[in-house]
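Chemist: Structure file input_17.cif, mmCIF, C-alpha atoms, is pasted below:
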data_run
#
loop_
_atom_site.label_atom_id
_atom_site.label_comp_id
_atom_site.auth_asym_id
_atom_site.auth_seq_id
_atom_site.Cartn_x
_atom_site.Cartn_y
_atom_site.Cartn_z
CA MET A 803 -11.62 -20.46 15.15
CA ASN A 804 -7.88 -19.78 15.24
CA ARG A 805 -6.28 -16.65 13.87
CA ARG A 806 -5.08 -18.27 10.64
CA SER A 807 -8.58 -19.53 9.86
CA PHE A 808 -9.97 -16.08 10.62
CA LEU A 809 -7.56 -14.46 8.19
CA THR A 810 -8.36 -16.97 5.47
CA VAL A 811 -12.10 -16.45 5.75
CA THR A 812 -11.77 -12.67 5.84
CA ALA A 813 -9.49 -12.46 2.82
CA THR A 814 -11.35 -14.90 0.60
CA THR A 815 -15.02 -14.11 1.25
CA ILE A 816 -16.78 -12.44 -1.66
CA ALA A 817 -16.45 -8.67 -1.25
CA GLY A 818 -19.59 -6.67 -0.62
CA GLY A 819 -20.31 -3.56 1.41
CA THR A 820 -23.41 -3.33 3.51
CA ILE A 821 -25.46 -0.18 3.73
CA PHE A 822 -26.82 -0.35 7.26
CA PRO A 823 -29.65 -0.40 8.09
CA GLY A 824 -31.25 -1.95 5.02
CA ILE A 825 -33.92 -4.61 5.20
CA ALA A 826 -33.54 -5.54 1.55
CA ARG A 827 -29.87 -6.32 2.15
CA SER A 828 -30.20 -8.04 5.51
CA TYR A 829 -28.21 -11.05 4.26
CA LEU A 830 -25.19 -8.77 3.85
CA VAL A 831 -25.73 -7.31 7.31
CA ASP A 832 -25.69 -10.86 8.68
CA LYS A 833 -22.45 -11.60 6.84
CA HIS A 834 -20.65 -8.60 8.31
CA ARG A 835 -22.18 -9.24 11.73
CA GLU A 836 -20.57 -12.69 11.61
CA ILE A 837 -17.15 -11.20 10.80
CA CYS A 838 -17.60 -8.64 13.58
CA GLU A 839 -18.49 -11.29 16.13
CA ARG A 840 -15.61 -13.52 14.96
CA THR A 841 -13.23 -10.59 15.37
CA PHE A 842 -14.36 -10.02 18.94
CA SER A 843 -14.01 -13.75 19.66
CA VAL A 844 -10.45 -13.94 18.33
CA ALA A 845 -9.53 -10.72 20.17
CA ALA A 846 -10.88 -12.21 23.39
CA ASP A 847 -8.76 -15.34 22.89
CA MET A 848 -5.73 -13.05 22.52
CA ASN A 849 -6.64 -11.05 25.66
CA LEU A 850 -6.37 -7.89 23.58
CA ALA A 851 -8.71 -5.89 25.79
CA ARG A 852 -6.14 -5.90 28.60
CA ARG A 853 -3.62 -3.98 26.51
CA PRO A 854 -3.35 -0.19 26.04
CA ILE A 855 -5.79 1.17 23.47
CA GLY A 856 -3.13 1.75 20.80
CA GLU A 857 -1.97 -1.85 21.00
CA VAL A 858 -5.59 -3.00 20.77
CA VAL A 859 -6.07 -0.93 17.60
CA VAL A 860 -2.98 -2.53 16.04
CA GLY A 861 -3.99 -5.99 17.22
CA ILE A 862 -7.37 -5.62 15.52
CA GLY A 863 -5.78 -4.19 12.38
CA LYS A 864 -3.44 -7.19 12.13
CA LEU A 865 -6.42 -9.53 12.09
CA PHE A 866 -7.37 -8.06 8.72
CA LYS A 867 -3.98 -8.64 7.08
CA GLY A 868 -4.58 -10.18 3.68
CA ALA A 869 -8.02 -8.62 3.22
CA PRO A 870 -8.28 -7.05 -0.24
CA TYR A 871 -7.99 -3.33 -0.93
CA GLU A 872 -10.98 -1.70 -2.59
CA ALA A 873 -11.12 1.95 -3.53
CA HIS A 874 -14.10 4.21 -2.82
CA THR A 875 -15.74 1.73 -0.46
CA LEU A 876 -17.99 4.46 0.98
CA GLU A 877 -19.08 6.00 -2.32
CA LYS A 878 -22.44 4.29 -2.79
CA PRO A 879 -25.06 5.52 -5.30
CA ASP A 880 -27.85 5.71 -2.73
CA VAL A 881 -28.46 8.38 -0.12
CA GLU A 882 -25.75 8.62 2.52
CA GLN A 883 -26.03 5.76 5.00
CA LEU A 884 -23.61 3.99 7.29
CA VAL A 885 -21.62 1.58 5.14
CA ILE A 886 -20.45 -1.55 6.96
CA ASN A 887 -17.67 -3.50 5.26
CA LEU A 888 -15.34 -5.83 7.13
CA GLU A 889 -14.23 -7.77 4.05
CA VAL A 890 -12.46 -5.18 1.92
CA PHE A 891 -10.85 -1.90 2.96
CA ASP A 892 -9.43 1.34 1.75
CA CYS A 893 -6.82 3.11 3.85
CA VAL A 894 -9.32 5.16 5.85
CA THR A 895 -11.89 2.43 6.47
CA LEU A 896 -9.17 0.14 7.82
CA VAL A 897 -8.25 2.80 10.38
CA GLU A 898 -11.88 3.54 11.23
CA ASN A 899 -12.87 -0.09 11.68
CA ALA A 900 -9.80 -0.96 13.76
CA LEU A 901 -10.48 2.01 16.04
CA ALA A 902 -14.20 1.26 16.35
CA LEU A 903 -13.67 -2.41 17.18
CA ALA A 904 -10.86 -1.58 19.61
CA ARG A 905 -13.03 0.90 21.49
CA CYS A 906 -15.78 -1.70 21.79
CA LEU A 907 -13.31 -4.20 23.23
CA LYS A 908 -11.96 -1.74 25.77
CA LYS A 909 -15.50 -0.85 26.86
CA GLY A 910 -16.55 -4.49 27.10
CA MET A 911 -19.37 -3.86 24.62
CA THR A 912 -18.77 -6.51 22.00
CA THR A 913 -22.00 -6.54 20.02
CA PHE A 914 -22.59 -5.69 16.39
CA LYS A 915 -24.79 -2.76 17.42
CA ALA A 916 -22.06 -1.37 19.68
CA TYR A 917 -19.59 -1.61 16.78
CA THR A 918 -21.85 0.15 14.27
CA ASP A 919 -22.57 2.91 16.80
CA GLU A 920 -18.83 3.46 17.32
CA LEU A 921 -18.18 3.46 13.59
CA GLN A 922 -20.81 6.11 12.97
CA MET A 923 -19.37 8.28 15.74
CA ILE A 924 -15.91 8.04 14.19
CA ARG A 925 -16.89 8.54 10.55
CA TYR A 926 -19.34 11.47 10.81
CA ARG A 927 -19.03 15.01 12.08
CA GLY A 928 -20.11 14.98 15.70
CA GLY A 929 -21.21 11.38 15.19
CA VAL A 930 -24.33 12.57 13.36
CA LEU A 931 -25.16 11.05 9.97
CA ASP A 932 -26.92 13.83 8.07
CA GLY A 933 -26.26 13.49 4.37
CA TYR A 934 -23.09 13.31 2.30
CA PRO A 935 -21.40 16.43 3.74
CA SER A 936 -21.67 15.07 7.29
CA ARG A 937 -19.02 12.47 6.50
CA LEU A 938 -15.49 13.57 7.44
CA HIS A 939 -14.00 13.66 3.96
CA TYR A 940 -10.70 15.44 4.72
CA PHE A 941 -8.53 13.47 7.11
CA SER A 942 -7.18 16.54 8.91
CA ASP A 943 -10.85 17.33 9.62
CA TRP A 944 -11.32 13.71 10.73
CA ILE A 945 -8.49 14.14 13.26
CA HIS A 946 -9.92 17.42 14.53
CA ASP A 947 -13.45 16.10 14.91
CA ASN A 948 -12.40 12.88 16.60
CA GLU A 949 -10.20 14.86 18.97
CA GLN A 950 -13.23 16.98 19.88
CA LYS A 951 -15.14 13.77 20.61
CA GLY A 952 -12.33 12.49 22.85
CA TYR A 953 -11.53 9.54 20.59
CA VAL A 954 -8.00 10.62 19.61
CA LYS A 955 -5.42 13.24 20.50
CA ASP A 956 -3.47 15.11 17.84
CA VAL A 957 0.12 14.51 19.00
CA SER A 958 1.90 15.86 15.93
CA ARG A 959 3.55 18.67 17.94
CA GLU A 960 4.06 16.53 21.03
CA ILE A 961 6.15 13.96 19.14
CA GLY A 962 8.61 16.65 18.04
CA GLY A 963 9.96 18.21 14.87
CA ALA A 964 6.54 19.48 13.82
CA GLU A 965 5.99 22.57 11.71
CA PRO A 966 2.83 24.56 10.92
CA PHE A 967 0.83 22.98 8.11
CA ARG A 968 0.15 25.86 5.76
CA LYS A 969 -1.76 24.86 2.69
CA GLU A 970 -5.05 25.79 1.08
CA ILE A 971 -7.38 22.81 1.24
CA ASN A 972 -9.92 22.81 -1.59
CA PHE A 973 -9.41 19.55 -3.49
CA MET A 974 -13.06 18.52 -3.45
CA SER A 975 -14.50 21.84 -4.56
CA GLU A 976 -11.79 22.30 -7.20
CA ASN A 977 -12.37 18.77 -8.52
CA ARG A 978 -16.12 18.72 -8.28
CA ASP A 979 -16.51 16.45 -11.30
CA ARG A 980 -14.79 13.61 -9.40
CA TYR A 981 -17.54 13.49 -6.79
CA ARG A 982 -20.95 12.44 -8.04
CA GLN A 983 -22.66 13.78 -4.92
CA LEU A 984 -21.34 17.29 -5.54
CA SER A 985 -23.72 17.73 -8.46
CA ASN A 986 -26.06 18.64 -5.62
CA GLU A 987 -25.63 22.41 -5.19
CA ASP A 988 -26.49 22.35 -1.51
CA TYR A 989 -23.88 19.68 -0.82
CA PHE A 990 -21.31 21.57 -2.86
CA ARG A 991 -21.83 24.77 -0.88
CA VAL A 992 -21.51 22.91 2.42
CA ILE A 993 -18.25 21.31 1.30
CA GLU A 994 -16.90 24.74 0.34
CA GLU A 995 -17.84 26.03 3.78
CA GLN A 996 -16.13 23.07 5.43
CA GLU A 997 -12.96 23.72 3.44
CA GLU A 998 -12.98 27.32 4.64
CA VAL A 999 -13.26 26.15 8.25
CA ILE A 1000 -10.37 23.72 7.78
CA ASN A 1001 -8.24 26.47 6.24
CA ASN A 1002 -8.85 28.69 9.25
CA ARG A 1003 -7.62 26.09 11.73
CA GLU A 1004 -4.08 25.67 13.00
CA TYR A 1005 -2.58 22.31 12.08
CA TYR A 1006 0.93 20.92 12.50
CA PHE A 1007 2.74 18.12 10.70
CA ILE A 1008 6.07 16.35 11.02
CA PRO A 1009 8.06 16.85 7.78
CA LYS A 1010 9.45 13.54 6.61
CA GLY A 1011 12.99 14.86 6.86
CA ASN A 1012 12.51 15.38 10.61
CA PHE A 1013 10.85 12.09 11.46
CA HIS A 1014 13.97 9.99 12.14
CA MET A 1015 14.96 12.31 15.01
CA TYR A 1016 11.68 11.85 16.86
CA GLU A 1017 10.62 8.31 15.99
CA GLU A 1018 11.24 7.20 19.59
CA ASN A 1019 8.26 9.32 20.67
CA MET A 1020 5.83 7.33 18.54
CA GLN A 1021 3.58 4.63 19.98
CA GLU A 1022 2.05 1.53 18.46
CA GLY A 1023 -1.45 2.26 17.24
CA ASP A 1024 -0.76 5.90 16.43
CA ILE A 1025 -2.94 6.89 13.48
CA LEU A 1026 -0.87 8.32 10.65
CA GLY A 1027 -2.14 10.81 8.09
CA PHE A 1028 0.50 11.25 5.39
CA THR A 1029 0.53 14.83 4.13
CA THR A 1030 0.95 15.44 0.44
CA ASN A 1031 2.12 17.91 -2.17
CA ILE A 1032 -1.01 17.20 -4.25
CA ARG A 1033 -2.65 20.55 -4.82
CA GLY A 1034 -5.59 21.29 -2.52
CA LEU A 1035 -5.31 18.01 -0.58
CA ASP A 1036 -4.23 17.61 3.05
CA ILE A 1037 -3.73 13.86 3.51
CA GLN A 1038 -3.14 11.36 0.73
CA HIS A 1039 -2.93 8.14 2.75
CA THR A 1040 -3.59 6.79 6.24
CA ALA A 1041 -2.13 3.95 8.28
CA LEU A 1042 -1.51 2.59 11.76
CA ALA A 1043 1.96 2.72 13.31
CA ILE A 1044 3.32 -0.70 14.20
CA LYS A 1045 6.76 -1.51 15.57
CA VAL A 1046 8.85 -4.15 13.81
CA ASP A 1047 12.09 -4.85 15.65
CA ASP A 1048 13.22 -1.34 16.64
CA LYS A 1049 11.60 0.66 13.82
CA PHE A 1050 8.06 1.77 13.09
CA HIS A 1051 6.32 0.55 9.96
CA ALA A 1052 2.85 1.17 8.52
CA LEU A 1053 -0.03 -1.27 8.85
CA HIS A 1054 -2.27 -0.18 6.01
CA ALA A 1055 -4.51 -0.92 3.05
CA PRO A 1056 -2.14 0.20 0.30
CA GLU A 1057 -3.67 0.31 -3.18
CA VAL A 1058 -5.77 -1.47 -5.80
CA GLY A 1059 -4.55 -4.99 -6.48
CA ARG A 1060 -2.93 -5.38 -3.07
CA ALA A 1061 -4.12 -6.36 0.39
CA VAL A 1062 -3.88 -5.09 3.96
CA GLU A 1063 -0.23 -5.44 4.95
CA ILE A 1064 2.65 -4.23 7.08
CA THR A 1065 5.12 -2.31 4.97
CA GLY A 1066 8.44 -3.99 4.37
CA LYS A 1067 10.14 -0.61 4.64
CA ASN A 1068 10.13 1.40 7.85
CA LEU A 1069 8.24 4.69 7.99
CA MET A 1070 11.24 6.85 7.14
CA GLU A 1071 12.08 4.72 4.11
CA TYR A 1072 8.43 4.49 3.12
CA MET A 1073 7.95 8.27 3.11
CA THR A 1074 11.28 8.88 1.37
CA MET A 1075 10.40 6.62 -1.55
CA ASN A 1076 7.00 8.30 -1.99
CA LYS A 1077 7.68 11.63 -3.66
CA ARG A 1078 4.16 12.92 -3.07
CA MET A 1079 4.39 12.49 0.70
CA THR A 1080 5.67 15.52 2.59
CA GLY A 1081 5.35 14.19 6.13
CA MET A 1082 2.64 13.14 8.56
CA MET A 1083 0.04 14.20 11.07
CA VAL A 1084 -0.29 11.83 14.01
CA ALA A 1085 -3.41 11.11 16.05
CA ARG A 1086 -3.12 8.91 19.15
CA PRO A 1087 -6.15 6.83 20.20
CA ARG A 1088 -7.40 7.77 23.63
CA GLY A 1089 -8.45 5.34 26.33
CA VAL A 1090 -12.10 4.68 27.09
#
Written as structure tokens, that's how I'd like the structure from this file.

Modeler:
Amino acid sequence: MNRRSFLTVTATTIAGGTIFPGIARSYLVDKHREICERTFSVAADMNLARRPIGEVVVGIGKLFKGAPYEAHTLEKPDVEQLVINLEVFDCVTLVENALALARCLKKGMTTFKAYTDELQMIRYRGGVLDGYPSRLHYFSDWIHDNEQKGYVKDVSREIGGAEPFRKEINFMSENRDRYRQLSNEDYFRVIEEQEEVINNREYYFIPKGNFHMYEENMQEGDILGFTTNIRGLDIQHTALAIKVDDKFHALHAPEVGRAVEITGKNLMEYMTMNKRMTGMMVARPRGV
């Protein structure tokens, strides 16, 4: 199947997340397994695995251009399980899936099981799925945990122009009513403890006013976490850095009613027009 056919199938298939494993929903598992295997096949035709890991991440992400955005793709009513969804994306699941599939390609392990194992490692603290709080809900925490696992490197300071990120992170505990799972007192207490840990770490970010001076130090496939002035929140949006001509743009799942796309505006313009964005943290995928 050529790339155009792949994109058409991905973008027009009926949306539906798969909670994996789940015998009762095995037909959905099979559907996402097919998309996974098709992705690996197209990537092989493109010789993606020979490229640096960042370029592989972007190459995979581009295969999902046109796939619909869907909010809260991981917020299922059942107990916490690994959600597999290669048909619709939010901004974080696009990043996670592109990274998981890219790592499989680089390791030469292109099976559905290898992909789901990588996805779980990326999405959960220490790679261990142990209830709702084990998911990496705050993206600064996601960067930290995946750096500890050797999957990414936080290069926010390395790129240049970075400043200490000083902000109290407590959005989930302060907005408990927005999270159904936080009606569970045990979960709520764990989330509060996680917020305290995050607040005791040292993070850096590149203010958007500084970015244009250091853009040349970016690389394709860098994972972008856009910091925000929303009270209690660290990162409001995520994307992959992709170079268009001589400027970096964002490959992302933007918002409800839109699809995975490459921004028409470059990163500097994109951040400038978004008044809630204050800058970015940058995580660089590491080789395998």

Chemist: I'd like the interatomic distance between atom CA of Ser958 of chain A and atom CA of Leu901 of chain A, to a tenth of an Å.

Modeler: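 Atom CA of Leu901 of chain A lies 18.6 Å from atom CA of Ser958 of chain A.
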
Chemist: How many Å lie between atom CA of Leu896 of chain A and atom CA of His874 of chain A, rounded to one decimal?

Modeler: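 Computing it gives 12.4 Å between the two atoms.
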
Chemist: As a check of understanding, name the residues that the PyMOL selection byres ((chain A and resi 943-945) around 12) selects in the supplied structure, as a PDB file with C-alpha atoms, keeping the file's coordinate frame.

Modeler:
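Wrote expr_3.pdb, looks like this:
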ATOM      1  CA  VAL A 894      -9.320   5.160   5.850  1.00  0.00           C
ATOM      2  CA  VAL A 897      -8.250   2.800  10.380  1.00  0.00           C
ATOM      3  CA  GLU A 898     -11.880   3.540  11.230  1.00  0.00           C
ATOM      4  CA  MET A 923     -19.370   8.280  15.740  1.00  0.00           C
ATOM      5  CA  ILE A 924     -15.910   8.040  14.190  1.00  0.00           C
ATOM      6  CA  ARG A 925     -16.890   8.540  10.550  1.00  0.00           C
ATOM      7  CA  TYR A 926     -19.340  11.470  10.810  1.00  0.00           C
ATOM      8  CA  ARG A 927     -19.030  15.010  12.080  1.00  0.00           C
ATOM      9  CA  GLY A 928     -20.110  14.980  15.700  1.00  0.00           C
ATOM     10  CA  GLY A 929     -21.210  11.380  15.190  1.00  0.00           C
ATOM     11  CA  SER A 936     -21.670  15.070   7.290  1.00  0.00           C
ATOM     12  CA  ARG A 937     -19.020  12.470   6.500  1.00  0.00           C
ATOM     13  CA  LEU A 938     -15.490  13.570   7.440  1.00  0.00           C
ATOM     14  CA  HIS A 939     -14.000  13.660   3.960  1.00  0.00           C
ATOM     15  CA  TYR A 940     -10.700  15.440   4.720  1.00  0.00           C
ATOM     16  CA  PHE A 941      -8.530  13.470   7.110  1.00  0.00           C
ATOM     17  CA  SER A 942      -7.180  16.540   8.910  1.00  0.00           C
ATOM     18  CA  HIS A 946      -9.920  17.420  14.530  1.00  0.00           C
ATOM     19  CA  ASP A 947     -13.450  16.100  14.910  1.00  0.00           C
ATOM     20  CA  ASN A 948     -12.400  12.880  16.600  1.00  0.00           C
ATOM     21  CA  GLU A 949     -10.200  14.860  18.970  1.00  0.00           C
ATOM     22  CA  GLN A 950     -13.230  16.980  19.880  1.00  0.00           C
ATOM     23  CA  LYS A 951     -15.140  13.770  20.610  1.00  0.00           C
ATOM     24  CA  GLY A 952     -12.330  12.490  22.850  1.00  0.00           C
ATOM     25  CA  TYR A 953     -11.530   9.540  20.590  1.00  0.00           C
ATOM     26  CA  VAL A 954      -8.000  10.620  19.610  1.00  0.00           C
ATOM     27  CA  LYS A 955      -5.420  13.240  20.500  1.00  0.00           C
ATOM     28  CA  ASP A 956      -3.470  15.110  17.840  1.00  0.00           C
ATOM     29  CA  VAL A 957       0.120  14.510  19.000  1.00  0.00           C
ATOM     30  CA  SER A 958       1.900  15.860  15.930  1.00  0.00           C
ATOM     31  CA  ILE A 971      -7.380  22.810   1.240  1.00  0.00           C
ATOM     32  CA  ILE A 993     -18.250  21.310   1.300  1.00  0.00           C
ATOM     33  CA  GLN A 996     -16.130  23.070   5.430  1.00  0.00           C
ATOM     34  CA  GLU A 997     -12.960  23.720   3.440  1.00  0.00           C
ATOM     35  CA  GLU A 998     -12.980  27.320   4.640  1.00  0.00           C
ATOM     36  CA  VAL A 999     -13.260  26.150   8.250  1.00  0.00           C
ATOM     37  CA  ILE A1000     -10.370  23.720   7.780  1.00  0.00           C
ATOM     38  CA  ASN A1001      -8.240  26.470   6.240  1.00  0.00           C
ATOM     39  CA  ASN A1002      -8.850  28.690   9.250  1.00  0.00           C
ATOM     40  CA  ARG A1003      -7.620  26.090  11.730  1.00  0.00           C
ATOM     41  CA  GLU A1004      -4.080  25.670  13.000  1.00  0.00           C
ATOM     42  CA  TYR A1005      -2.580  22.310  12.080  1.00  0.00           C
ATOM     43  CA  TYR A1006       0.930  20.920  12.500  1.00  0.00           C
ATOM     44  CA  ASP A1024      -0.760   5.900  16.430  1.00  0.00           C
ATOM     45  CA  ILE A1025      -2.940   6.890  13.480  1.00  0.00           C
ATOM     46  CA  LEU A1026      -0.870   8.320  10.650  1.00  0.00           C
ATOM     47  CA  GLY A1027      -2.140  10.810   8.090  1.00  0.00           C
ATOM     48  CA  LEU A1035      -5.310  18.010  -0.580  1.00  0.00           C
ATOM     49  CA  ASP A1036      -4.230  17.610   3.050  1.00  0.00           C
ATOM     50  CA  ILE A1037      -3.730  13.860   3.510  1.00  0.00           C
ATOM     51  CA  THR A1040      -3.590   6.790   6.240  1.00  0.00           C
ATOM     52  CA  MET A1083       0.040  14.200  11.070  1.00  0.00           C
ATOM     53  CA  VAL A1084      -0.290  11.830  14.010  1.00  0.00           C
ATOM     54  CA  ALA A1085      -3.410  11.110  16.050  1.00  0.00           C
ATOM     55  CA  ARG A1086      -3.120   8.910  19.150  1.00  0.00           C
ATOM     56  CA  PRO A1087      -6.150   6.830  20.200  1.00  0.00           C
TER      57      PRO A1087
END

Chemist: Which residue out of A:Pro879, A:Gly1034, A:Pro966, A:Gly1023 has the minimum interatomic distance to Val860 of chain A when all atoms listed in the file are used?

Modeler: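 For Val860 of chain A, the nearest of the candidates is A:Gly1023.
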
Chemist: Enter the distance from atom CA of Asn977 of chain A to atom CA of Gly1081 of chain A, in Å, rounded to one decimal.

Modeler: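 Between these atoms lies a distance of 23.4 Å.
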
Chemist: Identify which of the residues A:Leu888, A:Ala873, A:Ile1064, A:Leu1042 lies closest to Asp832 of chain A, counting all atoms listed in the file when measuring atom-to-atom distances.

Modeler: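 So, comparing all the options, the nearest one is A:Leu888.
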
Chemist: Once the PyMOL selection byres ((chain A and resi 1049) around 12) has been evaluated on this model, what residues remain selected, and can you format them as a PyMOL selection string?

Modeler: chain A and resi 1013-1014+1016-1022+1043-1048+1050-1052+1065-1072

Chemist: May I ask which of the residues A:Phe842, A:Phe891, A:Tyr934, A:Tyr871 is the closest one to Arg982 of chain A, counting only C-alpha atoms?

Modeler: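 Of A:Phe842, A:Phe891, A:Tyr934, A:Tyr871, the one nearest Arg982 of chain A is A:Tyr934, counting only C-alpha atoms.
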
Chemist: Mind telling me what the PyMOL selection byres ((chain A and resi 1031) around 8) catches here, as number ranges by chain?

Modeler: A: 1029-1030, 1032-1033, 1035, 1078-1080

Chemist: Report as a PDB file with C-alpha atoms, in the frame of the given file all protein, DNA and RNA residues lying within 8 Å of Val1090 of chain A, evaluated on all atoms listed in the file, omitting residues in the same chain fewer than 3 positions from it.

Modeler:
ATOM      1  CA  ARG A 905     -13.030   0.900  21.490  1.00  0.00           C
ATOM      2  CA  LYS A 908     -11.960  -1.740  25.770  1.00  0.00           C
ATOM      3  CA  LYS A 909     -15.500  -0.850  26.860  1.00  0.00           C
TER       4      LYS A 909
END

Chemist: Residues around (-25.0, 8.1, -2.1), cut-off 12 Å, counting all atoms listed in the file - what are they as a PyMOL selection string?

Modeler: chain A and resi 821+874-885+932-935+937+981-986+989

Chemist: Using all atoms listed in the file, which residue out of A:Leu931, A:Met1075, A:Ala845, A:Ala869 lies closest to Gly910 of chain A?

Modeler: A:Ala845

Chemist: For Lys915 of chain A, which residue out of A:Glu857, A:Glu839, A:Glu1057, A:Glu994 is the nearest one, using all atoms listed in the file?

Modeler: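 Closest residue, counting all atoms listed in the file: A:Glu839.
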
Chemist: Can you tell me, as JSON, the centre and edge lengths (Å, one decimal) of the axis-aligned box enclosing all of segment 1046-1062 of chain A's listed atoms after padding each side by 5 Å?

Modeler:
{"center_x": 3.7, "center_y": -2.3, "center_z": 5.1, "size_x": 29.0, "size_y": 18.1, "size_z": 33.1}

Chemist: Please rebuild segment 870-881 of chain A with N, CA and C atoms and return the result as an mmCIF file, in the coordinates of the input.

Modeler:
data_model
loop_
_atom_site.group_PDB
_atom_site.id
_atom_site.type_symbol
_atom_site.label_atom_id
_atom_site.label_comp_id
_atom_site.auth_asym_id
_atom_site.auth_seq_id
_atom_site.Cartn_x
_atom_site.Cartn_y
_atom_site.Cartn_z
ATOM 1 N N PRO A 870 -8.541 -7.824 0.966
ATOM 2 C CA PRO A 870 -8.280 -7.050 -0.240
ATOM 3 C C PRO A 870 -8.511 -5.548 -0.058
ATOM 4 N N TYR A 871 -7.755 -4.775 -0.828
ATOM 5 C CA TYR A 871 -7.990 -3.330 -0.930
ATOM 6 C C TYR A 871 -9.105 -3.094 -1.933
ATOM 7 N N GLU A 872 -9.975 -2.151 -1.620
ATOM 8 C CA GLU A 872 -10.980 -1.700 -2.590
ATOM 9 C C GLU A 872 -11.142 -0.202 -2.450
ATOM 10 N N ALA A 873 -10.991 0.500 -3.546
ATOM 11 C CA ALA A 873 -11.120 1.950 -3.530
ATOM 12 C C ALA A 873 -12.578 2.370 -3.429
ATOM 13 N N HIS A 874 -12.780 3.562 -2.861
ATOM 14 C CA HIS A 874 -14.100 4.210 -2.820
ATOM 15 C C HIS A 874 -15.165 3.320 -2.173
ATOM 16 N N THR A 875 -14.799 2.657 -1.089
ATOM 17 C CA THR A 875 -15.740 1.730 -0.460
ATOM 18 C C THR A 875 -16.958 2.432 0.129
ATOM 19 N N LEU A 876 -16.862 3.730 0.377
ATOM 20 C CA LEU A 876 -17.990 4.460 0.980
ATOM 21 C C LEU A 876 -18.827 5.202 -0.047
ATOM 22 N N GLU A 877 -18.387 5.216 -1.298
ATOM 23 C CA GLU A 877 -19.080 6.000 -2.320
ATOM 24 C C GLU A 877 -20.175 5.175 -2.971
ATOM 25 N N LYS A 878 -21.308 5.065 -2.288
ATOM 26 C CA LYS A 878 -22.440 4.290 -2.790
ATOM 27 C C LYS A 878 -23.414 5.215 -3.522
ATOM 28 N N PRO A 879 -24.165 4.680 -4.490
ATOM 29 C CA PRO A 879 -25.060 5.520 -5.300
ATOM 30 C C PRO A 879 -26.317 5.967 -4.569
ATOM 31 N N ASP A 880 -26.631 5.367 -3.448
ATOM 32 C CA ASP A 880 -27.850 5.710 -2.730
ATOM 33 C C ASP A 880 -27.611 6.932 -1.843
ATOM 34 N N VAL A 881 -28.626 7.299 -1.086
ATOM 35 C CA VAL A 881 -28.460 8.380 -0.120
ATOM 36 C C VAL A 881 -27.426 7.944 0.915
#
